[in-house]
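Visitor: Please see the structure below; I have some questions.
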Amino acid sequence: MASSTLRLSSSSCSRQINAVIHVPKLPEVIPFSIPKIPTTKPVEELNLRDGFKRIVPVEKISTAPIHDKSPNSDATAATTQLYAILEAVADRVEMHANIGKQRENWNTLLLNSVNMITLTAATMAGAAAIGGAGMPLLALKLSSTLLYSAATGMLLVTNKIQPSQLAEEQRNATRLFRQIQTQIQTMMALGSPSKEDVKSVMEKVLAADKAYPLPLLGAMLDKFPAKFEPSVWWPSNQQIQKKNKSSEGKQRGQKNNGWSEEMEVEMREIIEVVKRKDIEDYERLGNLVLKINKILAISGPLLTGIAAVGSAFVGNSSWAAVVAVAAGALGSAVNAFEHGGQVGMVFEMYRNCAGFFQLLQESIESTLEEKDLEKRENGELFEMNVALKLGRSLSQLRELARKSASSRMDGTTIDEFASKLF
């Protein structure tokens, strides 16, 4: 019995040991690898998902030096600067547009306010002449005199700043800066800009700022100059537009970059028509409007001042009431004609149109003065731009040049303006 028990326990221990010994072993090869951290090796191992290893030397992954003087680096710097200028120009467009609306409101509000004050003062002066004597007469006389005096002061300020002309200046500035904005965008879209392009755009922006200032005190343009002068919003040392490096004339198979002797003669004839007809006519009209505006600017405050003096003597003389009422009515009519008709705006419009033709003249002359044809703008493109600026087709532009040449040979004056736009 004891021996059987011993064999049973021995057998169970043996089975337990065998069970322990025959535990399944883990596979020796692990199906994944632990990534190793690179130490000082100058390479970077890229482990792709399919197990393929690609070694990329670090030396080949290099950036350009900070002070790179290559043409691409210059073009990138110029593009960055043009983007900065573009942001400033966009801000100027918004600013001039907002101020233009504000100053247009000034013209409307001051016109209505001065006319209401003047007509109210005239009514009080007439009522004082009918009302008799005593305190009511004194009250009406005093009120009429004060209102006329206020209208005179407001008219002096209004005629000095010319709100309608200020609004037209800001409209012109808005249009000009939008044109510069479009030129910058076109410059960046056509090709890699250069430092000369950045300098040219900066000069245009600064010239426009000088031509159309925003502040009223100190920098405001003279509204009553001694002589009519065209607006100048371009740099004084403006250079002609040169071709880009692509040599567009050669690419099109053109000789002399699209220029010919006939085209140069045509451009000179166009200049003569612009000078003899368009510029001369706008200078004549500008001087006429300037004289009218000066007369109106003096007459308005003068009439309301006379009405203020006359209203102070209402009741003492029979003519005092007539002078007060009549001068007040005339002053209101003059103010309505000057600022309601926006004579200052018309004067500024003539200045801008004369400046447009002067810029066109200088552009054509500076282009023709360049003897190297390869440095000029392409001839056909230049002719098309001139035709578009004058509102003509190419055939009409050439016909105008022929008429100008024939009239000069006959000793007569051409009866046609160069521009069909304005």
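Residues are referred to by chain and number: the chain letter is A, B, ... according to the order shown in the structure tokens, the number counts from 1 in that chain, and ligands are numbered separately from 1 in the order shown.
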List every residue of stretch 79-303 of chain A that DSSP, applied to the backbone of this structure, assigns to alpha helix (DSSP H), and report them as a ChimeraX atom specification.
Guide: /A:79-130,135-161,163-190,195-211,248-251,261-273,280-303
Visitor: Go through stretch 326-407 of chain A residue by residue and, counting only C-alpha atoms, keep those with an atom at most 9 Å from stretch 103-113 of chain A; for each kept residue give the shortest atom pair and its distance in Å to one decimal, ordered by chain and increasing number, as JSON lines.
Guide:
{"residue": "A:Asn335", "atom": "CA", "partner": "A:Leu111", "partner_atom": "CA", "distance": 7.1}
{"residue": "A:Ala336", "atom": "CA", "partner": "A:Leu111", "partner_atom": "CA", "distance": 6.8}
{"residue": "A:His339", "atom": "CA", "partner": "A:Leu111", "partner_atom": "CA", "distance": 6.4}
{"residue": "A:Gly340", "atom": "CA", "partner": "A:Leu111", "partner_atom": "CA", "distance": 7.0}
{"residue": "A:Gln342", "atom": "CA", "partner": "A:Asn107", "partner_atom": "CA", "distance": 8.6}
Visitor: So that I have them on file, write out the residues from the current selection with all heavy atoms, as a CSV table (one decimal), in the first residue's frame.
Guide:
chain,number,residue,atom,x,y,z
A,335,ASN,N,-24.0,131.5,-53.9
A,335,ASN,CA,-23.6,130.3,-53.2
A,335,ASN,C,-24.1,129.0,-53.8
A,335,ASN,O,-23.4,128.0,-54.0
A,335,ASN,CB,-24.0,130.4,-51.7
A,335,ASN,CG,-23.5,129.2,-50.9
A,335,ASN,OD1,-22.3,128.8,-51.0
A,335,ASN,ND2,-24.4,128.5,-50.3
A,336,ALA,N,-25.4,129.1,-54.2
A,336,ALA,CA,-26.0,127.9,-54.8
A,336,ALA,C,-25.3,127.6,-56.2
A,336,ALA,O,-25.1,126.5,-56.6
A,336,ALA,CB,-27.5,128.1,-55.0
A,339,HIS,N,-21.3,126.4,-55.4
A,339,HIS,CA,-21.1,125.1,-54.7
A,339,HIS,C,-22.2,124.1,-55.2
A,339,HIS,O,-21.9,122.9,-55.2
A,339,HIS,CB,-21.2,125.2,-53.2
A,339,HIS,CG,-20.1,126.1,-52.7
A,339,HIS,ND1,-18.8,125.8,-52.7
A,339,HIS,CD2,-20.1,127.4,-52.2
A,339,HIS,CE1,-18.0,126.7,-52.2
A,339,HIS,NE2,-18.8,127.7,-51.9
A,340,GLY,N,-23.4,124.5,-55.5
A,340,GLY,CA,-24.3,123.6,-56.1
A,340,GLY,C,-23.9,123.1,-57.5
A,340,GLY,O,-24.1,122.0,-57.9
A,342,GLN,N,-20.8,123.1,-58.4
A,342,GLN,CA,-19.5,122.5,-58.2
A,342,GLN,C,-18.5,123.1,-59.2
A,342,GLN,O,-17.9,122.3,-60.0
A,342,GLN,CB,-19.6,121.0,-58.3
A,342,GLN,CG,-20.6,120.4,-57.3
A,342,GLN,CD,-20.5,118.9,-57.2
A,342,GLN,OE1,-19.8,118.2,-58.0
A,342,GLN,NE2,-21.2,118.3,-56.3
Visitor: Residues within 8 Å of stretch 380-387 of chain A, please, as a ChimeraX atom specification. Count only C-alpha atoms; anything in the same chain fewer than 6 positions from it doesn't count.
Guide: /A:258-259,360,393-394,397
Visitor: Listing only residues of stretch 247-338 of chain A within 12 Å of stretch 164-185 of chain A, what is the closest atom pair and its distance in Å (to one decimal) for each, using only C-alpha atoms, sorted by chain and residue number ascending, as a Markdown table?
Guide:
| residue | atom | partner | partner_atom | distance |
| --- | --- | --- | --- | --- |
| A:Leu290 | CA | A:Gln165 | CA | 11.9 |
| A:Asn293 | CA | A:Gln165 | CA | 11.2 |
| A:Glu338 | CA | A:Ser164 | CA | 9.6 |
Visitor: Using N, CA and C atoms, can you write the selected residues to a file as a PDB file, in the first residue's frame?
Guide:
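Output file selection.pdb follows:
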ATOM      1  N   LEU A 290     -11.360 129.221 -63.710  1.00  0.00           N
ATOM      2  CA  LEU A 290     -10.645 129.798 -62.557  1.00  0.00           C
ATOM      3  C   LEU A 290     -11.094 131.232 -62.299  1.00  0.00           C
ATOM      4  N   ASN A 293     -14.640 131.181 -60.854  1.00  0.00           N
ATOM      5  CA  ASN A 293     -14.643 130.719 -59.462  1.00  0.00           C
ATOM      6  C   ASN A 293     -14.125 131.792 -58.516  1.00  0.00           C
ATOM      7  N   GLU A 338     -22.223 128.509 -57.139  1.00  0.00           N
ATOM      8  CA  GLU A 338     -20.815 128.118 -56.994  1.00  0.00           C
ATOM      9  C   GLU A 338     -20.660 126.701 -56.476  1.00  0.00           C
TER      10      GLU A 338
END
Visitor: Between atom CA of A:Leu155 and atom CA of A:Leu288, what is the spacing in Å?
Guide: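 Computing it gives 22.1 Å between the two atoms.
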